[in-house]
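Have a look at coords16.cif below; it lists mmCIF, C-alpha atoms.
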```cif
data_coords
#
loop_
_atom_site.label_atom_id
_atom_site.label_comp_id
_atom_site.auth_asym_id
_atom_site.auth_seq_id
_atom_site.Cartn_x
_atom_site.Cartn_y
_atom_site.Cartn_z
CA MET M 1 70.12 67.48 68.56
CA LYS M 2 68.08 69.14 71.29
CA ILE M 3 67.73 72.90 70.97
CA LEU M 4 66.04 75.16 73.50
CA LEU M 5 64.84 78.45 72.03
CA ILE M 6 63.76 81.00 74.64
CA GLY M 7 61.65 83.72 73.05
CA GLY M 8 60.53 81.53 70.18
CA ARG M 9 57.33 83.51 69.57
CA GLY M 10 59.03 86.90 69.24
CA THR M 11 59.87 88.70 65.99
CA ILE M 12 63.21 86.98 65.49
CA GLY M 13 62.34 83.82 67.45
CA LYS M 14 59.41 82.99 65.16
CA LYS M 15 61.55 83.00 62.03
CA LEU M 16 64.37 81.12 63.71
CA ALA M 17 61.91 78.52 65.03
CA ALA M 18 60.53 78.03 61.51
CA ALA M 19 64.03 77.51 60.11
CA LEU M 20 65.06 75.11 62.89
CA GLY M 21 61.78 73.24 62.59
CA LYS M 22 62.61 72.29 59.00
CA LEU M 23 65.89 70.64 59.89
CA GLU M 24 66.13 66.89 60.32
CA LYS M 25 67.46 65.37 63.52
CA THR M 26 66.63 68.55 65.38
CA ASP M 27 64.40 68.46 68.39
CA LEU M 28 63.26 72.04 69.04
CA ILE M 29 61.84 73.11 72.39
CA ILE M 30 60.31 76.57 72.38
CA ALA M 31 60.07 78.43 75.66
CA GLY M 32 58.20 81.66 76.23
CA ARG M 33 56.70 83.68 79.06
CA THR M 34 53.17 82.65 78.18
CA SER M 35 53.45 80.72 74.90
CA GLY M 36 55.54 77.88 73.50
CA ASP M 37 56.16 74.32 74.69
CA GLN M 38 57.57 75.45 78.02
CA GLN M 39 56.96 78.52 80.15
CA VAL M 40 59.78 80.58 81.63
CA ASP M 41 60.13 84.05 83.08
CA ILE M 42 63.76 84.97 82.41
CA THR M 43 63.61 87.80 84.96
CA SER M 44 63.46 85.08 87.63
CA SER M 45 66.46 82.83 88.25
CA ALA M 46 64.11 80.38 90.01
CA SER M 47 61.98 80.13 86.88
CA ILE M 48 65.07 79.57 84.72
CA ARG M 49 66.34 76.88 87.09
CA ASP M 50 62.94 75.28 87.05
CA LEU M 51 62.86 75.25 83.23
CA PHE M 52 66.25 73.56 82.85
CA GLY M 53 65.38 71.13 85.61
CA ARG M 54 62.45 69.69 83.69
CA LEU M 55 64.24 69.41 80.32
CA PRO M 56 66.63 66.75 79.03
CA LEU M 57 70.33 67.61 78.52
CA LEU M 58 70.56 70.17 75.70
CA ASP M 59 72.88 70.65 72.74
CA ALA M 60 72.07 74.29 72.16
CA VAL M 61 70.38 77.08 74.08
CA VAL M 62 69.30 80.18 72.16
CA CYS M 63 67.78 83.28 73.69
CA THR M 64 65.91 85.81 71.58
CA ALA M 65 63.83 87.12 74.48
CA GLY M 66 63.98 90.47 76.21
CA THR M 67 63.89 94.11 75.29
CA GLY M 68 64.54 97.47 76.95
CA TYR M 69 63.11 100.91 77.57
CA TYR M 70 62.84 103.43 74.75
CA GLY M 71 62.06 106.95 75.88
CA ASP M 72 63.24 110.46 76.57
CA PHE M 73 66.75 110.50 78.05
CA GLN M 74 66.11 113.82 79.81
CA THR M 75 63.55 112.30 82.15
CA MET M 76 64.74 108.69 82.17
CA THR M 77 65.21 107.10 85.59
CA GLU M 78 66.82 103.96 86.93
CA GLU M 79 63.34 102.56 87.51
CA GLN M 80 62.61 102.73 83.77
CA MET M 81 65.86 100.92 83.01
CA LEU M 82 65.30 98.10 85.49
CA PRO M 83 62.87 95.84 83.56
CA GLY M 84 65.34 95.62 80.65
CA ILE M 85 68.23 95.06 83.04
CA LYS M 86 66.34 92.26 84.78
CA GLY M 87 65.15 90.75 81.46
CA LYS M 88 67.41 91.11 78.46
CA LEU M 89 70.56 91.67 80.53
CA LEU M 90 70.43 89.60 83.74
CA GLY M 91 67.88 87.22 82.20
CA GLN M 92 70.24 86.19 79.42
CA ILE M 93 73.18 86.08 81.82
CA ASN M 94 71.24 83.81 84.17
CA VAL M 95 70.29 81.54 81.26
CA VAL M 96 74.04 80.97 80.84
CA LEU M 97 75.08 80.85 84.51
CA ILE M 98 72.33 78.36 85.31
CA GLY M 99 71.98 76.63 81.95
CA LYS M 100 75.65 75.73 81.51
CA ASP M 101 75.16 72.78 83.85
CA TYR M 102 72.31 71.47 81.66
CA LEU M 103 74.24 71.78 78.40
CA ARG M 104 75.90 68.76 76.87
CA GLU M 105 79.68 68.74 76.26
CA GLY M 106 80.39 70.79 73.13
CA GLY M 107 76.99 72.49 73.33
CA SER M 108 76.42 76.15 72.62
CA PHE M 109 74.71 79.26 73.90
CA THR M 110 73.54 81.95 71.51
CA LEU M 111 72.42 85.22 73.08
CA THR M 112 70.98 88.30 71.41
CA SER M 113 72.45 91.80 71.67
CA GLY M 114 72.00 94.40 68.91
CA VAL M 115 73.50 97.14 66.78
CA ALA M 116 72.73 99.75 69.45
CA ALA M 117 75.79 98.58 71.41
CA GLU M 118 77.88 100.60 68.96
CA GLN M 119 75.27 102.60 67.05
CA PRO M 120 72.72 103.71 69.64
CA ALA M 121 69.29 104.88 68.51
CA HIS M 122 67.90 108.17 69.76
CA ASN M 123 65.96 107.49 72.99
CA GLY M 124 67.49 104.02 73.21
CA THR M 125 70.18 104.44 75.87
CA THR M 126 68.90 101.55 77.97
CA VAL M 127 68.97 99.18 75.02
CA ALA M 128 72.44 100.37 73.96
CA MET M 129 73.78 99.78 77.47
CA ILE M 130 72.25 96.30 77.68
CA ASN M 131 73.58 95.28 74.27
CA GLY M 132 77.09 96.47 75.13
CA ALA M 133 76.92 94.51 78.38
CA ILE M 134 75.81 91.31 76.62
CA ASN M 135 78.62 91.58 74.06
CA SER M 136 81.30 91.89 76.73
CA PHE M 137 79.67 89.16 78.82
CA VAL M 138 79.89 86.83 75.83
CA LEU M 139 83.57 87.62 75.21
CA SER M 140 84.30 86.75 78.81
CA ALA M 141 82.02 83.73 79.22
CA ALA M 142 83.55 82.19 76.07
CA GLN M 143 86.87 82.04 77.90
CA GLU M 144 85.34 80.50 81.00
CA LEU M 145 83.00 77.78 79.75
CA LYS M 146 84.32 74.22 80.20
CA GLN M 147 83.86 70.98 78.24
CA ASP M 148 84.16 72.72 74.86
CA LYS M 149 80.91 74.57 75.43
CA ARG M 150 80.65 77.67 73.27
CA ILE M 151 78.86 81.01 73.48
CA ASN M 152 78.19 83.74 70.93
CA ALA M 153 75.90 86.73 70.57
CA VAL M 154 73.95 87.61 67.47
CA SER M 155 73.80 91.39 67.19
CA PRO M 156 71.04 92.29 64.73
CA GLY M 157 70.42 95.69 63.24
CA LEU M 158 66.89 96.84 62.53
CA VAL M 159 65.29 93.67 61.17
CA GLU M 160 62.78 93.54 58.33
CA ASP M 161 59.94 92.23 60.46
CA SER M 162 60.37 95.11 62.94
CA LEU M 163 60.29 97.84 60.29
CA GLU M 164 56.70 98.78 61.01
CA ARG M 165 57.08 98.78 64.78
CA TYR M 166 60.60 100.18 65.23
CA GLY M 167 61.54 101.70 61.86
CA ALA M 168 60.95 105.27 63.05
CA LEU M 169 63.56 104.77 65.77
CA PHE M 170 66.24 103.98 63.19
CA PRO M 171 65.93 106.56 60.40
CA GLY M 172 68.03 105.69 57.38
CA SER M 173 68.82 102.18 58.56
CA ASP M 174 68.77 99.45 55.96
CA ALA M 175 66.49 96.79 57.38
CA VAL M 176 68.20 93.42 57.61
CA PRO M 177 66.46 90.53 55.81
CA MET M 178 65.18 87.95 58.29
CA THR M 179 67.08 85.20 56.48
CA ARG M 180 70.37 86.94 57.29
CA VAL M 181 69.42 87.24 60.95
CA VAL M 182 68.38 83.59 61.11
CA ASN M 183 71.66 82.62 59.45
CA GLY M 184 73.56 84.42 62.21
CA TYR M 185 71.95 82.14 64.78
CA LEU M 186 72.51 79.03 62.64
CA ARG M 187 76.23 79.89 62.35
CA SER M 188 76.47 80.06 66.12
CA ILE M 189 74.43 76.90 66.82
CA PHE M 190 75.89 74.59 64.17
CA GLY M 191 79.34 76.13 63.55
CA ALA M 192 82.47 76.21 65.67
CA LEU M 193 82.42 79.90 66.61
CA ASN M 194 83.14 80.82 70.21
CA GLY M 195 83.17 84.28 71.78
CA GLU M 196 81.97 85.93 68.57
CA ILE M 197 79.68 88.93 68.27
CA ILE M 198 77.92 88.02 65.03
CA LYS M 199 77.02 91.44 63.67
CA VAL M 200 74.09 91.23 61.28
CA TYR M 201 74.05 94.82 60.15
CA GLN M 202 77.26 95.49 58.29
CA MET R 1 86.12 125.71 87.04
CA LYS R 2 84.33 123.47 89.50
CA ILE R 3 85.13 119.76 89.20
CA LEU R 4 83.47 117.00 91.18
CA LEU R 5 85.57 113.85 91.45
CA ILE R 6 83.68 110.85 92.81
CA GLY R 7 86.09 108.18 93.99
CA GLY R 8 88.92 110.63 94.59
CA ARG R 9 90.64 108.43 97.16
CA GLY R 10 90.80 105.32 94.96
CA THR R 11 93.84 104.12 93.02
CA ILE R 12 93.17 106.23 89.96
CA GLY R 13 91.23 108.96 91.77
CA LYS R 14 94.16 109.79 94.04
CA LYS R 15 96.51 110.45 91.15
CA LEU R 16 93.89 112.38 89.21
CA ALA R 17 93.09 114.48 92.28
CA ALA R 18 96.77 115.32 92.70
CA ALA R 19 97.02 116.41 89.05
CA LEU R 20 93.83 118.48 89.18
CA GLY R 21 94.87 120.02 92.50
CA LYS R 22 97.94 121.55 90.86
CA LEU R 23 95.95 123.39 88.20
CA GLU R 24 95.10 127.05 88.64
CA LYS R 25 91.50 128.23 88.47
CA THR R 26 90.31 124.74 89.32
CA ASP R 27 88.08 124.14 92.28
CA LEU R 28 88.18 120.42 93.04
CA ILE R 29 85.53 118.74 95.16
CA ILE R 30 86.37 115.17 96.12
CA ALA R 31 83.52 112.83 96.98
CA GLY R 32 83.85 109.38 98.45
CA ARG R 33 81.84 106.83 100.36
CA THR R 34 83.60 107.58 103.62
CA SER R 35 86.43 109.97 102.73
CA GLY R 36 86.84 113.20 100.74
CA ASP R 37 85.14 116.60 101.02
CA GLN R 38 81.69 115.15 100.45
CA GLN R 39 80.17 111.76 101.17
CA VAL R 40 78.15 109.85 98.60
CA ASP R 41 77.06 106.25 98.16
CA ILE R 42 76.72 105.81 94.39
CA THR R 43 74.64 102.65 94.85
CA SER R 44 71.87 104.92 96.11
CA SER R 45 70.15 107.37 93.76
CA ALA R 46 68.90 109.28 96.84
CA SER R 47 72.47 109.75 98.03
CA ILE R 48 73.57 110.95 94.58
CA ARG R 49 70.65 113.37 94.41
CA ASP R 50 71.52 114.60 97.87
CA LEU R 51 75.16 115.17 96.87
CA PHE R 52 74.35 117.24 93.79
CA GLY R 53 71.72 119.15 95.73
CA ARG R 54 74.26 120.52 98.20
CA LEU R 55 76.90 121.48 95.60
CA PRO R 56 77.13 124.54 93.36
CA LEU R 57 76.64 124.17 89.58
CA LEU R 58 79.52 122.08 88.22
CA ASP R 59 81.70 122.28 85.11
CA ALA R 60 82.87 118.69 85.21
CA VAL R 61 81.85 115.49 86.96
CA VAL R 62 84.32 112.63 87.00
CA CYS R 63 83.64 109.18 88.42
CA THR R 64 86.47 106.79 89.25
CA ALA R 65 84.45 104.86 91.83
CA GLY R 66 83.12 101.33 91.68
CA THR R 67 84.42 97.87 91.01
CA GLY R 68 83.01 94.41 90.35
CA TYR R 69 83.21 90.77 91.40
CA TYR R 70 86.23 88.68 90.51
CA GLY R 71 85.77 84.97 91.07
CA ASP R 72 85.14 81.54 89.62
CA PHE R 73 82.71 81.67 86.69
CA GLN R 74 81.59 78.08 87.30
CA THR R 75 79.95 78.96 90.60
CA MET R 76 79.20 82.64 90.00
CA THR R 77 75.64 83.75 90.73
CA GLU R 78 73.56 86.82 90.01
CA GLU R 79 73.90 87.75 93.69
CA GLN R 80 77.66 88.04 93.33
CA MET R 81 77.24 90.27 90.29
CA LEU R 82 74.76 92.64 91.91
CA PRO R 83 77.06 94.86 94.00
CA GLY R 84 79.06 95.78 90.90
CA ILE R 85 75.89 96.30 88.89
CA LYS R 86 74.50 98.60 91.56
CA GLY R 87 77.82 100.42 91.99
CA LYS R 88 80.06 100.75 88.95
CA LEU R 89 77.22 100.25 86.45
CA LEU R 90 74.00 101.80 87.77
CA GLY R 91 75.95 104.09 90.11
CA GLN R 92 77.79 105.75 87.24
CA ILE R 93 74.63 105.84 85.13
CA ASN R 94 72.73 107.53 87.95
CA VAL R 95 75.52 110.08 88.37
CA VAL R 96 74.77 111.10 84.77
CA LEU R 97 70.96 110.80 84.81
CA ILE R 98 70.74 112.84 88.02
CA GLY R 99 73.85 114.98 87.67
CA LYS R 100 73.10 116.32 84.18
CA ASP R 101 70.70 118.85 85.72
CA TYR R 102 73.47 120.14 88.00
CA LEU R 103 76.03 120.50 85.23
CA ARG R 104 76.70 123.88 83.66
CA GLU R 105 76.17 124.37 79.91
CA GLY R 106 79.15 122.89 78.09
CA GLY R 107 80.14 120.83 81.11
CA SER R 108 81.37 117.27 80.95
CA PHE R 109 80.99 113.83 82.48
CA THR R 110 83.89 111.42 82.54
CA LEU R 111 83.08 107.86 83.56
CA THR R 112 85.41 104.91 84.03
CA SER R 113 85.10 101.61 82.19
CA GLY R 114 88.12 99.38 81.49
CA VAL R 115 90.00 97.16 79.08
CA ALA R 116 87.98 94.12 80.18
CA ALA R 117 85.10 95.32 77.98
CA GLU R 118 87.03 93.91 75.03
CA GLN R 119 89.82 91.93 76.68
CA PRO R 120 88.23 90.21 79.68
CA ALA R 121 90.41 88.85 82.44
CA HIS R 122 90.00 85.27 83.64
CA ASN R 123 87.43 85.28 86.48
CA GLY R 124 86.40 88.83 85.57
CA THR R 125 83.13 88.31 83.69
CA THR R 126 81.20 90.72 85.91
CA VAL R 127 83.72 93.47 85.37
CA ALA R 128 83.85 92.83 81.62
CA MET R 129 80.07 93.05 81.38
CA ILE R 130 79.93 96.29 83.40
CA ASN R 131 82.67 97.92 81.34
CA GLY R 132 80.96 97.01 78.07
CA ALA R 133 77.72 98.44 79.41
CA ILE R 134 79.36 101.71 80.45
CA ASN R 135 81.01 102.13 77.04
CA SER R 136 77.72 101.72 75.17
CA PHE R 137 75.91 103.93 77.68
CA VAL R 138 78.43 106.70 76.99
CA LEU R 139 78.04 106.38 73.21
CA SER R 140 74.31 106.81 73.62
CA ALA R 141 74.27 109.48 76.33
CA ALA R 142 76.63 111.61 74.25
CA GLN R 143 73.93 111.84 71.60
CA GLU R 144 71.26 112.74 74.14
CA LEU R 145 72.85 115.36 76.41
CA LYS R 146 71.65 118.94 75.80
CA GLN R 147 73.31 122.35 76.16
CA ASP R 148 76.61 121.15 74.70
CA LYS R 149 77.20 118.91 77.66
CA ARG R 150 79.68 116.14 76.89
CA ILE R 151 80.36 112.63 78.15
CA ASN R 152 83.27 110.24 77.69
CA ALA R 153 84.60 107.11 79.34
CA VAL R 154 88.20 106.48 80.21
CA SER R 155 88.91 102.78 79.73
CA PRO R 156 92.15 101.96 81.54
CA GLY R 157 94.12 98.76 81.24
CA LEU R 158 95.94 97.34 84.23
CA VAL R 159 97.39 100.49 85.83
CA GLU R 160 100.81 100.75 87.46
CA ASP R 161 99.46 101.43 90.92
CA SER R 162 97.28 98.29 90.78
CA LEU R 163 100.11 95.98 89.75
CA GLU R 164 100.59 94.56 93.22
CA ARG R 165 96.89 94.05 93.90
CA TYR R 166 95.59 92.99 90.47
CA GLY R 167 98.68 92.07 88.44
CA ALA R 168 98.10 88.33 88.82
CA LEU R 169 94.69 88.72 87.16
CA PHE R 170 96.28 90.15 84.00
CA PRO R 171 99.29 88.00 83.15
CA GLY R 172 101.45 89.51 80.45
CA SER R 173 99.72 92.86 80.54
CA ASP R 174 101.93 95.92 80.24
CA ALA R 175 100.97 98.10 83.20
CA VAL R 176 99.89 101.56 82.11
CA PRO R 177 101.80 104.47 83.69
CA MET R 178 99.54 106.53 85.96
CA THR R 179 100.40 109.70 84.06
CA ARG R 180 98.87 108.21 80.89
CA VAL R 181 95.70 107.28 82.77
CA VAL R 182 95.46 110.75 84.32
CA ASN R 183 95.97 112.30 80.90
CA GLY R 184 92.99 110.34 79.60
CA TYR R 185 90.76 112.03 82.16
CA LEU R 186 92.29 115.45 81.48
CA ARG R 187 91.59 115.05 77.73
CA SER R 188 87.95 114.37 78.53
CA ILE R 189 87.56 117.16 81.11
CA PHE R 190 89.38 119.97 79.32
CA GLY R 191 89.12 118.92 75.67
CA ALA R 192 86.20 118.85 73.26
CA LEU R 193 85.72 115.09 73.04
CA ASN R 194 82.19 113.74 73.22
CA GLY R 195 81.07 110.12 73.11
CA GLU R 196 84.62 108.82 73.13
CA ILE R 197 85.92 105.68 74.79
CA ILE R 198 89.39 106.85 75.72
CA LYS R 199 91.32 103.59 75.70
CA VAL R 200 94.43 103.81 77.85
CA TYR R 201 95.90 100.44 77.07
CA GLN R 202 96.79 100.38 73.41
#
```

Would you write out, as structure tokens, the structure that this file holds?
Amino acid sequence: MKILLIGGRGTIGKKLAAALGKLEKTDLIIAGRTSGDQQVDITSSASIRDLFGRLPLLDAVVCTAGTGYYGDFQTMTEEQMLPGIKGKLLGQINVVLIGKDYLREGGSFTLTSGVAAEQPAHNGTTVAMINGAINSFVLSAAQELKQDKRINAVSPGLVEDSLERYGALFPGSDAVPMTRVVNGYLRSIFGALNGEIIKVYQ
Amino acid sequence: MKILLIGGRGTIGKKLAAALGKLEKTDLIIAGRTSGDQQVDITSSASIRDLFGRLPLLDAVVCTAGTGYYGDFQTMTEEQMLPGIKGKLLGQINVVLIGKDYLREGGSFTLTSGVAAEQPAHNGTTVAMINGAINSFVLSAAQELKQDKRINAVSPGLVEDSLERYGALFPGSDAVPMTRVVNGYLRSIFGALNGEIIKVYQ
């Protein structure tokens, strides 16, 4: 089973890659902007097309790449929102729009949104907006994909491995164990779910 | 009470304008791309800034403008999604980011999302994504606005006046009476709601 993991060196991607790497009969290809087996810039549709073009047909495509602006809402501008929109939002969407033609029948996409879609963090309006967009995109794309291809989003809360870096943004949040987050992705990749927002924070 | 209605000549805007026009002590300013009392192109932050700059301080800003691409998912590209992203998504966001400084203390924003955020129509992935983004943006912005300013989204289902034009996209949907849709906006403008997605389809 050939799995492409975009963002495989990030906080979540690293742990997911380790879990997938232990499985038999799984051929894991890690893509990253500068690291991994393959390079891709998900803000560029040409780069995404190029990536899929040099890979074999895939059974699963997972994206854990992309983030968004955190900062004062009072002074926030469209320009500050754009990198996140081009990356985590349009980047993930383009991975699906382009990648669906490189996915084997019955294959799956697993995107990443986040708890902020319904429980926004202070100063995190851009991230909330992007996560809400990804969730609704997934609901819709699940209806549209052909050949039994599936798509889900994993929506993590504050994860254990981000406690140090992001904990202050989420006061009073119970950090989610990395194993639970990884399991969310495994349910999407190896299960039969389609059009699910797998909430790993409740 | 000074109310700015952006999109006041659209399907929903027309009916809302008529209802607001009947109220006493309400000073309604209708803005549209080519019609209305004031012209604005919400895809341009400069145009939005220009609009607010020539108006008095406002008590309520309502946006019923913007739409998104409907078409075959199999061939859909980022380019086809962009007009909706620049209009209904970033346009409405910019109305808030820029307009909040022209809104009186205690004033309100009312944006427009739609049922597709959680019940996407076939061929309507762009619209679903935009609506989901607007809903999460509103949840977050409601936490961030100062001086008791409020923000809500009205999320209409298929509305009566769109039955002829869009009915085929929503088979089996009960069309929502225009009075119910208008009431959703009135609840947001004149009530105390903040951070609510006012769903006019359930």

- Task: Select, from M:Leu158, M:Leu5, M:Met81, M:Ala18, the residue with the minimum atom-to-atom distance to Val61 (chain M), counting only C-alpha atoms.
- Result: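 Closest residue, counting only C-alpha atoms: M:Leu5.
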
- Query: What does the distance between CA of Asn194 (chain M) and CA of Lys199 (chain R) come to in Å, to one decimal place?
  - Reply: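 That distance, rounded to one decimal, is 24.8 Å.
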
Please check the contacts: residues of chain R at most 8 Å away from chain M, using all atoms listed in the file, listed as an mmCIF file with C-alpha atoms, in the coordinates of the input.
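Saved result, part_28.cif, follows:
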```
data_model
loop_
_atom_site.group_PDB
_atom_site.id
_atom_site.type_symbol
_atom_site.label_atom_id
_atom_site.label_comp_id
_atom_site.auth_asym_id
_atom_site.auth_seq_id
_atom_site.Cartn_x
_atom_site.Cartn_y
_atom_site.Cartn_z
ATOM 1 C CA PHE R 73 82.710 81.670 86.690
ATOM 2 C CA GLN R 74 81.590 78.080 87.300
ATOM 3 C CA MET R 76 79.200 82.640 90.000
ATOM 4 C CA THR R 77 75.640 83.750 90.730
ATOM 5 C CA GLU R 78 73.560 86.820 90.010
ATOM 6 C CA LEU R 90 74.000 101.800 87.770
ATOM 7 C CA ASN R 94 72.730 107.530 87.950
ATOM 8 C CA LEU R 97 70.960 110.800 84.810
ATOM 9 C CA ALA R 116 87.980 94.120 80.180
ATOM 10 C CA ALA R 117 85.100 95.320 77.980
ATOM 11 C CA GLU R 118 87.030 93.910 75.030
ATOM 12 C CA GLN R 119 89.820 91.930 76.680
ATOM 13 C CA PRO R 120 88.230 90.210 79.680
ATOM 14 C CA ALA R 121 90.410 88.850 82.440
ATOM 15 C CA HIS R 122 90.000 85.270 83.640
ATOM 16 C CA ASN R 123 87.430 85.280 86.480
ATOM 17 C CA GLY R 124 86.400 88.830 85.570
ATOM 18 C CA THR R 125 83.130 88.310 83.690
ATOM 19 C CA THR R 126 81.200 90.720 85.910
ATOM 20 C CA ALA R 128 83.850 92.830 81.620
ATOM 21 C CA MET R 129 80.070 93.050 81.380
ATOM 22 C CA ILE R 130 79.930 96.290 83.400
ATOM 23 C CA ASN R 131 82.670 97.920 81.340
ATOM 24 C CA GLY R 132 80.960 97.010 78.070
ATOM 25 C CA ALA R 133 77.720 98.440 79.410
ATOM 26 C CA ILE R 134 79.360 101.710 80.450
ATOM 27 C CA ASN R 135 81.010 102.130 77.040
ATOM 28 C CA SER R 136 77.720 101.720 75.170
ATOM 29 C CA PHE R 137 75.910 103.930 77.680
ATOM 30 C CA LEU R 139 78.040 106.380 73.210
ATOM 31 C CA SER R 140 74.310 106.810 73.620
ATOM 32 C CA ALA R 141 74.270 109.480 76.330
ATOM 33 C CA GLN R 143 73.930 111.840 71.600
ATOM 34 C CA GLU R 144 71.260 112.740 74.140
ATOM 35 C CA LEU R 145 72.850 115.360 76.410
#
```

- Query: Which one of M:Ala46, M:Val115, M:Val62, M:Leu186 sits closest to Val96 (chain M) if you count only C-alpha atoms?
  - Reply: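 Result for the nearest residue to Val96 (chain M): M:Val62.
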
- Could you state the separation of CA of Asp174 (chain R) and CA of Lys15 (chain R) in Å, given to one decimal place?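 A separation of 19.0 Å between them.
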
- Task: One decimal, Å: what's the distance from CA of Glu160 (chain M) over to CA of Arg187 (chain M), could you say?
- Result: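 According to the coordinates, CA of Glu160 (chain M) and CA of Arg187 (chain M) are separated by 19.6 Å.
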
- Query: Near Lys149 (chain M), within 8 Å and counting all atoms listed in the file, which residues show up once chain neighbours fewer than 3 positions away are dropped, as JSON, numbers by chain?
  - Reply: {"M": [103, 104, 105, 106, 107, 108, 109, 145, 146]}

Those same residues - C-alpha atoms - I'd like them written as a PDB file, keeping the file's coordinate frame.
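This went into again_5.pdb:
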```pdb
ATOM      1  CA  LEU M 103      74.240  71.780  78.400  1.00  0.00           C
ATOM      2  CA  ARG M 104      75.900  68.760  76.870  1.00  0.00           C
ATOM      3  CA  GLU M 105      79.680  68.740  76.260  1.00  0.00           C
ATOM      4  CA  GLY M 106      80.390  70.790  73.130  1.00  0.00           C
ATOM      5  CA  GLY M 107      76.990  72.490  73.330  1.00  0.00           C
ATOM      6  CA  SER M 108      76.420  76.150  72.620  1.00  0.00           C
ATOM      7  CA  PHE M 109      74.710  79.260  73.900  1.00  0.00           C
ATOM      8  CA  LEU M 145      83.000  77.780  79.750  1.00  0.00           C
ATOM      9  CA  LYS M 146      84.320  74.220  80.200  1.00  0.00           C
TER      10      LYS M 146
END
```

On this structure, the PyMOL selection byres ((chain R and resi 52) around 10) would catch which residues? List them as a PDB file with C-alpha atoms, in the frame of the given file, sorted by chain and number.
```
ATOM      1  CA  LEU R   4      83.470 117.000  91.180  1.00  0.00           C
ATOM      2  CA  VAL R  40      78.150 109.850  98.600  1.00  0.00           C
ATOM      3  CA  SER R  47      72.470 109.750  98.030  1.00  0.00           C
ATOM      4  CA  ILE R  48      73.570 110.950  94.580  1.00  0.00           C
ATOM      5  CA  ARG R  49      70.650 113.370  94.410  1.00  0.00           C
ATOM      6  CA  ASP R  50      71.520 114.600  97.870  1.00  0.00           C
ATOM      7  CA  LEU R  51      75.160 115.170  96.870  1.00  0.00           C
ATOM      8  CA  GLY R  53      71.720 119.150  95.730  1.00  0.00           C
ATOM      9  CA  ARG R  54      74.260 120.520  98.200  1.00  0.00           C
ATOM     10  CA  LEU R  55      76.900 121.480  95.600  1.00  0.00           C
ATOM     11  CA  PRO R  56      77.130 124.540  93.360  1.00  0.00           C
ATOM     12  CA  LEU R  57      76.640 124.170  89.580  1.00  0.00           C
ATOM     13  CA  LEU R  58      79.520 122.080  88.220  1.00  0.00           C
ATOM     14  CA  VAL R  95      75.520 110.080  88.370  1.00  0.00           C
ATOM     15  CA  ILE R  98      70.740 112.840  88.020  1.00  0.00           C
ATOM     16  CA  GLY R  99      73.850 114.980  87.670  1.00  0.00           C
ATOM     17  CA  LYS R 100      73.100 116.320  84.180  1.00  0.00           C
ATOM     18  CA  ASP R 101      70.700 118.850  85.720  1.00  0.00           C
ATOM     19  CA  TYR R 102      73.470 120.140  88.000  1.00  0.00           C
ATOM     20  CA  LEU R 103      76.030 120.500  85.230  1.00  0.00           C
TER      21      LEU R 103
END
```

- Message: the PyMOL selection byres ((chain R and resi 6-9) around 8) - which residues does that actually catch in the file I just gave you? List them as a ChimeraX atom specification.
- Response: /R:4-5,10-14,16-17,30-33,35-36,61-66

The PyMOL selection byres ((chain R and resi 152) around 7) - which residues does that actually catch in the file I just gave you? List them as an mmCIF file with C-alpha atoms, in the frame of the given file.
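Output (part.cif):
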```
data_model
loop_
_atom_site.group_PDB
_atom_site.id
_atom_site.type_symbol
_atom_site.label_atom_id
_atom_site.label_comp_id
_atom_site.auth_asym_id
_atom_site.auth_seq_id
_atom_site.Cartn_x
_atom_site.Cartn_y
_atom_site.Cartn_z
ATOM 1 C CA PHE R 109 80.990 113.830 82.480
ATOM 2 C CA THR R 110 83.890 111.420 82.540
ATOM 3 C CA LEU R 111 83.080 107.860 83.560
ATOM 4 C CA VAL R 138 78.430 106.700 76.990
ATOM 5 C CA ARG R 150 79.680 116.140 76.890
ATOM 6 C CA ILE R 151 80.360 112.630 78.150
ATOM 7 C CA ALA R 153 84.600 107.110 79.340
ATOM 8 C CA VAL R 154 88.200 106.480 80.210
ATOM 9 C CA SER R 188 87.950 114.370 78.530
ATOM 10 C CA ASN R 194 82.190 113.740 73.220
ATOM 11 C CA GLY R 195 81.070 110.120 73.110
ATOM 12 C CA GLU R 196 84.620 108.820 73.130
ATOM 13 C CA ILE R 197 85.920 105.680 74.790
#
```
